[in-house]
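K.L.:
What follows is a structure written as structure tokens; I'll ask about it next.
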Amino acid sequence: MTTNTTLSIRRFDAADTDAVVALWQQAFPEYRDMTRPQRNPHLSIANKLATQPELFFVAVLDERIVGTVMGGYDGHRGWMYSLAVDQAVRRHGIGTRLVAHVESALTVLGCPKLNLQVLSAKADLQAFYEALGYRADAVISLGKRLGEFAEAAPAG
Ligand SMILES: CC(C)(COP(=O)(O)OP(=O)(O)OC[C@H]1O[C@@H](n2cnc3c(N)ncnc32)[C@H](O)[C@@H]1OP(=O)(O)O)[C@@H](O)C(=O)NCCC(=O)NCCS
């Protein structure tokens with residue numbers, strides 16, 4: 001990345017799909033794990049296009065997709081997902097710009113707090129988020145898969 005290249009952040013367009021899937025497969029090893037069908041990048045994109053697609057952003061450098069971030073706002077809290085930057089251009093501030101962009105979009109919607117989750121295996125990323133003002137909440141994060149991805153209940 002040189003000083004005469006320009007980074008822009010814009011809304012995701014369906015034509016960006018292949019580039020975004022390739023980026024996610026590089027940035028998120030989970031997307032390469034065939035034993036985890038719930039981690040399907042095409043399904044993630046389709047779901048986001050059906051729900052608040054205006055909060056799905058890509059970073060473009062020299063007409064190439066080099067970053068993504070998704071936001072969501074449910075009327076109570078905002079959430080950030082799928083923050084990723086191409087390995088070739090990391091540590092140039094693109095991740096920081098993407099976070100600022102989704103924060104601005106959620107602020108405009110009146111969102112009072114933005115949450116995110118970091119896999120415990122990626123604990124080193126906490127420093128990245130803390131530098132941007134994020135703090136660990138004293139909570140235990142619980143989740144349950146629904147519909148076709150529901151897990152069988154344990155035998156009682
Ligand atoms: C996390 C990620 C988006 C950061 O993107 P980036 O463009 O490299 O981030 P920035 O250049 O804005 O980093 C700003 C600062 O955060 C810190 N930082 C960045 N990546 C870091 C990492 N992996 N570990 C610790 N600190 C990090 C550094 O202090 C950096 O400043 P410096 O380069 O001057 O030292 C990128 O590493 C990535 O795509 N990782 C894989 C996907 C992922 O895990 N996403 C997060 C899911 S919760």
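Convention: chains lettered A, B, ... in structure tokens order; per-chain residue numbering from 1; ligands numbered from 1 as shown.
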Excluding A:Leu109 and residues on its chain fewer than 4 positions from it, collect all residues at most 12 Å away from it, counting only C-alpha atoms, and give them as a PyMOL selection string.
P.N.:
chain A and resi 52+54-55+71-78+102-105+113-114
K.L.:
Okay, now the selection with C-alpha atoms, as a PDB file, in the first residue's frame?
P.N.:
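Below is the file that was written, result28.pdb:
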```pdb
ATOM      1  CA  GLN A  52     -30.199  -4.270   7.133  1.00  0.00           C
ATOM      2  CA  GLU A  54     -27.261  -0.877   4.383  1.00  0.00           C
ATOM      3  CA  LEU A  55     -25.001  -1.865   7.311  1.00  0.00           C
ATOM      4  CA  GLY A  71     -23.255  -3.906  11.556  1.00  0.00           C
ATOM      5  CA  GLY A  72     -26.655  -4.628  12.988  1.00  0.00           C
ATOM      6  CA  TYR A  73     -29.026  -2.630  15.210  1.00  0.00           C
ATOM      7  CA  ASP A  74     -31.994  -4.232  16.951  1.00  0.00           C
ATOM      8  CA  GLY A  75     -33.337  -1.068  18.594  1.00  0.00           C
ATOM      9  CA  HIS A  76     -31.463  -1.729  21.844  1.00  0.00           C
ATOM     10  CA  ARG A  77     -27.868  -2.633  20.984  1.00  0.00           C
ATOM     11  CA  GLY A  78     -25.721  -2.523  17.917  1.00  0.00           C
ATOM     12  CA  VAL A 102     -19.764   1.146  11.107  1.00  0.00           C
ATOM     13  CA  GLU A 103     -19.733   3.100  14.377  1.00  0.00           C
ATOM     14  CA  SER A 104     -20.800   6.237  12.490  1.00  0.00           C
ATOM     15  CA  ALA A 105     -23.580   4.407  10.651  1.00  0.00           C
ATOM     16  CA  LYS A 113     -23.891   0.867  22.480  1.00  0.00           C
ATOM     17  CA  LEU A 114     -21.998  -1.310  20.053  1.00  0.00           C
TER      18      LEU A 114
END
```
K.L.:
Can you check which parts of chain A lie within 10 Å of ligand 1? Per residue, the shortest pair of atoms and distance in Å to one decimal, counting only C-alpha atoms and all ligand atoms, sorted by chain and number, as JSON lines.
P.N.:
```
{"residue": "A:Leu23", "atom": "CA", "partner": "ligand 1", "partner_atom_place_in_ligand_line": "39 (O)", "distance": 8.9}
{"residue": "A:Trp24", "atom": "CA", "partner": "ligand 1", "partner_atom_place_in_ligand_line": "42 (C)", "distance": 7.8}
{"residue": "A:Gln25", "atom": "CA", "partner": "ligand 1", "partner_atom_place_in_ligand_line": "42 (C)", "distance": 9.8}
{"residue": "A:Gln26", "atom": "CA", "partner": "ligand 1", "partner_atom_place_in_ligand_line": "41 (C)", "distance": 8.2}
{"residue": "A:Ala27", "atom": "CA", "partner": "ligand 1", "partner_atom_place_in_ligand_line": "41 (C)", "distance": 4.5}
{"residue": "A:Phe28", "atom": "CA", "partner": "ligand 1", "partner_atom_place_in_ligand_line": "42 (C)", "distance": 5.7}
{"residue": "A:Pro29", "atom": "CA", "partner": "ligand 1", "partner_atom_place_in_ligand_line": "42 (C)", "distance": 8.9}
{"residue": "A:Val66", "atom": "CA", "partner": "ligand 1", "partner_atom_place_in_ligand_line": "7 (O)", "distance": 9.2}
{"residue": "A:Gly67", "atom": "CA", "partner": "ligand 1", "partner_atom_place_in_ligand_line": "39 (O)", "distance": 7.4}
{"residue": "A:Thr68", "atom": "CA", "partner": "ligand 1", "partner_atom_place_in_ligand_line": "3 (C)", "distance": 8.4}
{"residue": "A:Val69", "atom": "CA", "partner": "ligand 1", "partner_atom_place_in_ligand_line": "3 (C)", "distance": 8.7}
{"residue": "A:Met80", "atom": "CA", "partner": "ligand 1", "partner_atom_place_in_ligand_line": "48 (S)", "distance": 8.5}
{"residue": "A:Tyr81", "atom": "CA", "partner": "ligand 1", "partner_atom_place_in_ligand_line": "48 (S)", "distance": 7.0}
{"residue": "A:Ser82", "atom": "CA", "partner": "ligand 1", "partner_atom_place_in_ligand_line": "47 (C)", "distance": 6.1}
{"residue": "A:Leu83", "atom": "CA", "partner": "ligand 1", "partner_atom_place_in_ligand_line": "45 (N)", "distance": 4.8}
{"residue": "A:Ala84", "atom": "CA", "partner": "ligand 1", "partner_atom_place_in_ligand_line": "39 (O)", "distance": 3.4}
{"residue": "A:Val85", "atom": "CA", "partner": "ligand 1", "partner_atom_place_in_ligand_line": "39 (O)", "distance": 3.8}
{"residue": "A:Asp86", "atom": "CA", "partner": "ligand 1", "partner_atom_place_in_ligand_line": "39 (O)", "distance": 6.2}
{"residue": "A:Gln87", "atom": "CA", "partner": "ligand 1", "partner_atom_place_in_ligand_line": "39 (O)", "distance": 6.8}
{"residue": "A:Ala88", "atom": "CA", "partner": "ligand 1", "partner_atom_place_in_ligand_line": "8 (O)", "distance": 9.2}
{"residue": "A:Val89", "atom": "CA", "partner": "ligand 1", "partner_atom_place_in_ligand_line": "7 (O)", "distance": 6.8}
{"residue": "A:Arg90", "atom": "CA", "partner": "ligand 1", "partner_atom_place_in_ligand_line": "8 (O)", "distance": 3.4}
{"residue": "A:Arg91", "atom": "CA", "partner": "ligand 1", "partner_atom_place_in_ligand_line": "11 (O)", "distance": 3.1}
{"residue": "A:His92", "atom": "CA", "partner": "ligand 1", "partner_atom_place_in_ligand_line": "11 (O)", "distance": 4.1}
{"residue": "A:Gly93", "atom": "CA", "partner": "ligand 1", "partner_atom_place_in_ligand_line": "12 (O)", "distance": 3.3}
{"residue": "A:Ile94", "atom": "CA", "partner": "ligand 1", "partner_atom_place_in_ligand_line": "7 (O)", "distance": 3.9}
{"residue": "A:Gly95", "atom": "CA", "partner": "ligand 1", "partner_atom_place_in_ligand_line": "7 (O)", "distance": 3.5}
{"residue": "A:Thr96", "atom": "CA", "partner": "ligand 1", "partner_atom_place_in_ligand_line": "12 (O)", "distance": 3.7}
{"residue": "A:Arg97", "atom": "CA", "partner": "ligand 1", "partner_atom_place_in_ligand_line": "12 (O)", "distance": 6.6}
{"residue": "A:Leu98", "atom": "CA", "partner": "ligand 1", "partner_atom_place_in_ligand_line": "12 (O)", "distance": 8.2}
{"residue": "A:Val99", "atom": "CA", "partner": "ligand 1", "partner_atom_place_in_ligand_line": "12 (O)", "distance": 8.5}
{"residue": "A:Ala100", "atom": "CA", "partner": "ligand 1", "partner_atom_place_in_ligand_line": "12 (O)", "distance": 9.9}
{"residue": "A:Leu116", "atom": "CA", "partner": "ligand 1", "partner_atom_place_in_ligand_line": "48 (S)", "distance": 7.1}
{"residue": "A:Gln117", "atom": "CA", "partner": "ligand 1", "partner_atom_place_in_ligand_line": "48 (S)", "distance": 6.0}
{"residue": "A:Val118", "atom": "CA", "partner": "ligand 1", "partner_atom_place_in_ligand_line": "48 (S)", "distance": 4.3}
{"residue": "A:Leu119", "atom": "CA", "partner": "ligand 1", "partner_atom_place_in_ligand_line": "48 (S)", "distance": 6.7}
{"residue": "A:Ser120", "atom": "CA", "partner": "ligand 1", "partner_atom_place_in_ligand_line": "48 (S)", "distance": 9.6}
{"residue": "A:Ala121", "atom": "CA", "partner": "ligand 1", "partner_atom_place_in_ligand_line": "44 (O)", "distance": 9.8}
{"residue": "A:Lys122", "atom": "CA", "partner": "ligand 1", "partner_atom_place_in_ligand_line": "44 (O)", "distance": 6.8}
{"residue": "A:Ala123", "atom": "CA", "partner": "ligand 1", "partner_atom_place_in_ligand_line": "24 (N)", "distance": 8.4}
{"residue": "A:Asp124", "atom": "CA", "partner": "ligand 1", "partner_atom_place_in_ligand_line": "24 (N)", "distance": 4.9}
{"residue": "A:Leu125", "atom": "CA", "partner": "ligand 1", "partner_atom_place_in_ligand_line": "24 (N)", "distance": 4.5}
{"residue": "A:Gln126", "atom": "CA", "partner": "ligand 1", "partner_atom_place_in_ligand_line": "25 (C)", "distance": 7.0}
{"residue": "A:Ala127", "atom": "CA", "partner": "ligand 1", "partner_atom_place_in_ligand_line": "26 (N)", "distance": 5.1}
{"residue": "A:Phe128", "atom": "CA", "partner": "ligand 1", "partner_atom_place_in_ligand_line": "16 (O)", "distance": 3.9}
{"residue": "A:Tyr129", "atom": "CA", "partner": "ligand 1", "partner_atom_place_in_ligand_line": "16 (O)", "distance": 7.2}
{"residue": "A:Glu130", "atom": "CA", "partner": "ligand 1", "partner_atom_place_in_ligand_line": "16 (O)", "distance": 8.6}
{"residue": "A:Ala131", "atom": "CA", "partner": "ligand 1", "partner_atom_place_in_ligand_line": "16 (O)", "distance": 6.7}
{"residue": "A:Leu132", "atom": "CA", "partner": "ligand 1", "partner_atom_place_in_ligand_line": "16 (O)", "distance": 8.1}
```
K.L.:
Apply DSSP to the backbone of this structure and, from stretch 18-78 of chain A, keep only the residues in helix (DSSP H, G or I); write these as a list in words.
P.N.:
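DSSP-assigned helix (DSSP H, G or I) residues in stretch 18-78 of chain A: Asp18, Ala19, Val20, Val21, Ala22, Leu23, Trp24, Gln25, Gln26, Ala27, Pro29, Glu30, Tyr31, Arg32, Pro41, His42, Leu43, Ser44, Ile45, Ala46, Asn47, Lys48, Leu49, Ala50, Pro53, Glu54 and Leu55 of chain A.
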K.L.:
Take the selection from the previous step and output its residues with N, CA and C atoms, as a PDB file, in the first residue's frame.
P.N.:
```
ATOM      1  N   ASP A  18     -18.003 -12.622  -4.810  1.00  0.00           N
ATOM      2  CA  ASP A  18     -16.862 -13.543  -4.945  1.00  0.00           C
ATOM      3  C   ASP A  18     -15.630 -13.006  -4.217  1.00  0.00           C
ATOM      4  N   ALA A  19     -15.400 -11.709  -4.337  1.00  0.00           N
ATOM      5  CA  ALA A  19     -14.221 -11.110  -3.683  1.00  0.00           C
ATOM      6  C   ALA A  19     -14.365 -11.178  -2.167  1.00  0.00           C
ATOM      7  N   VAL A  20     -15.569 -10.961  -1.664  1.00  0.00           N
ATOM      8  CA  VAL A  20     -15.777 -10.998  -0.212  1.00  0.00           C
ATOM      9  C   VAL A  20     -15.631 -12.433   0.306  1.00  0.00           C
ATOM     10  N   VAL A  21     -16.170 -13.395  -0.426  1.00  0.00           N
ATOM     11  CA  VAL A  21     -16.046 -14.795   0.009  1.00  0.00           C
ATOM     12  C   VAL A  21     -14.561 -15.183   0.050  1.00  0.00           C
ATOM     13  N   ALA A  22     -13.804 -14.786  -0.967  1.00  0.00           N
ATOM     14  CA  ALA A  22     -12.365 -15.110  -0.995  1.00  0.00           C
ATOM     15  C   ALA A  22     -11.653 -14.457   0.194  1.00  0.00           C
ATOM     16  N   LEU A  23     -12.016 -13.233   0.488  1.00  0.00           N
ATOM     17  CA  LEU A  23     -11.391 -12.532   1.622  1.00  0.00           C
ATOM     18  C   LEU A  23     -11.729 -13.222   2.941  1.00  0.00           C
ATOM     19  N   TRP A  24     -12.971 -13.585   3.125  1.00  0.00           N
ATOM     20  CA  TRP A  24     -13.377 -14.244   4.378  1.00  0.00           C
ATOM     21  C   TRP A  24     -12.698 -15.612   4.514  1.00  0.00           C
ATOM     22  N   GLN A  25     -12.560 -16.325   3.388  1.00  0.00           N
ATOM     23  CA  GLN A  25     -11.919 -17.644   3.489  1.00  0.00           C
ATOM     24  C   GLN A  25     -10.453 -17.498   3.895  1.00  0.00           C
ATOM     25  N   GLN A  26      -9.851 -16.392   3.519  1.00  0.00           N
ATOM     26  CA  GLN A  26      -8.465 -16.133   3.936  1.00  0.00           C
ATOM     27  C   GLN A  26      -8.418 -15.679   5.397  1.00  0.00           C
ATOM     28  N   ALA A  27      -9.354 -14.779   5.783  1.00  0.00           N
ATOM     29  CA  ALA A  27      -9.279 -14.133   7.106  1.00  0.00           C
ATOM     30  C   ALA A  27      -9.883 -14.974   8.233  1.00  0.00           C
ATOM     31  N   PRO A  29     -10.501 -18.758   9.317  1.00  0.00           N
ATOM     32  CA  PRO A  29     -10.286 -20.191   9.045  1.00  0.00           C
ATOM     33  C   PRO A  29     -11.578 -20.995   9.177  1.00  0.00           C
ATOM     34  N   GLU A  30     -12.518 -20.527  10.019  1.00  0.00           N
ATOM     35  CA  GLU A  30     -13.794 -21.245  10.201  1.00  0.00           C
ATOM     36  C   GLU A  30     -14.518 -21.452   8.864  1.00  0.00           C
ATOM     37  N   TYR A  31     -14.357 -20.494   7.952  1.00  0.00           N
ATOM     38  CA  TYR A  31     -15.052 -20.595   6.669  1.00  0.00           C
ATOM     39  C   TYR A  31     -14.459 -21.670   5.768  1.00  0.00           C
ATOM     40  N   ARG A  32     -13.294 -22.183   6.144  1.00  0.00           N
ATOM     41  CA  ARG A  32     -12.696 -23.267   5.340  1.00  0.00           C
ATOM     42  C   ARG A  32     -12.978 -24.619   5.975  1.00  0.00           C
ATOM     43  N   PRO A  41     -20.211 -18.716   3.882  1.00  0.00           N
ATOM     44  CA  PRO A  41     -20.138 -17.286   3.567  1.00  0.00           C
ATOM     45  C   PRO A  41     -21.256 -16.819   2.639  1.00  0.00           C
ATOM     46  N   HIS A  42     -21.670 -17.700   1.716  1.00  0.00           N
ATOM     47  CA  HIS A  42     -22.757 -17.295   0.803  1.00  0.00           C
ATOM     48  C   HIS A  42     -24.056 -17.111   1.580  1.00  0.00           C
ATOM     49  N   LEU A  43     -24.289 -17.991   2.572  1.00  0.00           N
ATOM     50  CA  LEU A  43     -25.498 -17.855   3.394  1.00  0.00           C
ATOM     51  C   LEU A  43     -25.416 -16.581   4.247  1.00  0.00           C
ATOM     52  N   SER A  44     -24.238 -16.307   4.794  1.00  0.00           N
ATOM     53  CA  SER A  44     -24.071 -15.083   5.594  1.00  0.00           C
ATOM     54  C   SER A  44     -24.397 -13.847   4.765  1.00  0.00           C
ATOM     55  N   ILE A  45     -23.916 -13.846   3.530  1.00  0.00           N
ATOM     56  CA  ILE A  45     -24.168 -12.683   2.662  1.00  0.00           C
ATOM     57  C   ILE A  45     -25.650 -12.593   2.323  1.00  0.00           C
ATOM     58  N   ALA A  46     -26.248 -13.728   1.965  1.00  0.00           N
ATOM     59  CA  ALA A  46     -27.679 -13.713   1.615  1.00  0.00           C
ATOM     60  C   ALA A  46     -28.514 -13.236   2.801  1.00  0.00           C
ATOM     61  N   ASN A  47     -28.185 -13.719   4.000  1.00  0.00           N
ATOM     62  CA  ASN A  47     -28.940 -13.303   5.188  1.00  0.00           C
ATOM     63  C   ASN A  47     -28.787 -11.809   5.436  1.00  0.00           C
ATOM     64  N   LYS A  48     -27.574 -11.306   5.233  1.00  0.00           N
ATOM     65  CA  LYS A  48     -27.362  -9.875   5.496  1.00  0.00           C
ATOM     66  C   LYS A  48     -28.064  -9.020   4.451  1.00  0.00           C
ATOM     67  N   LEU A  49     -28.104  -9.499   3.222  1.00  0.00           N
ATOM     68  CA  LEU A  49     -28.800  -8.727   2.181  1.00  0.00           C
ATOM     69  C   LEU A  49     -30.298  -8.672   2.453  1.00  0.00           C
ATOM     70  N   ALA A  50     -30.782  -9.626   3.265  1.00  0.00           N
ATOM     71  CA  ALA A  50     -32.209  -9.639   3.605  1.00  0.00           C
ATOM     72  C   ALA A  50     -32.492  -8.831   4.879  1.00  0.00           C
ATOM     73  N   PRO A  53     -29.202  -4.515   4.902  1.00  0.00           N
ATOM     74  CA  PRO A  53     -28.068  -4.567   3.970  1.00  0.00           C
ATOM     75  C   PRO A  53     -27.291  -3.255   3.938  1.00  0.00           C
ATOM     76  N   GLU A  54     -27.941  -2.184   4.389  1.00  0.00           N
ATOM     77  CA  GLU A  54     -27.261  -0.877   4.383  1.00  0.00           C
ATOM     78  C   GLU A  54     -26.151  -0.800   5.432  1.00  0.00           C
ATOM     79  N   LEU A  55     -26.058  -1.843   6.287  1.00  0.00           N
ATOM     80  CA  LEU A  55     -25.001  -1.865   7.311  1.00  0.00           C
ATOM     81  C   LEU A  55     -23.911  -2.897   6.986  1.00  0.00           C
TER      82      LEU A  55
END
```
K.L.:
As JSON, numbers by chain, list the residues of stretch 21-112 of chain A assigned to strand (DSSP E) by DSSP on the backbone atoms of this structure.
P.N.:
{"A": [56, 57, 58, 59, 60, 61, 64, 65, 66, 67, 68, 69, 70, 71, 72, 73, 78, 79, 80, 81, 82, 83, 84, 85]}
K.L.:
Between A:Ala153, A:Met70, A:Asn115, A:Phe57, which residue has the minimum interatomic distance to A:Ser141, considering only C-alpha atoms?
P.N.:
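Of the candidates, the smallest distance to A:Ser141 is held by A:Asn115.
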K.L.:
How far is it from atom CA of A:Arg10 to atom CA of A:His101, in Å with one decimal?
P.N.:
9.3 Å
K.L.:
So, with only C-alpha atoms as the atoms that count, which of A:Phe12, A:Gln38, A:Glu148, A:Asp33 lies closest to A:Ala59?
P.N.:
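Nearest candidate to A:Ala59 out of A:Phe12, A:Gln38, A:Glu148, A:Asp33: A:Phe12.
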K.L.:
Interatomic distance between atom CA of A:Ala15 and atom CA of A:Val60?
P.N.:
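Between atom CA of A:Ala15 and atom CA of A:Val60 the gap is 13.1 Å.
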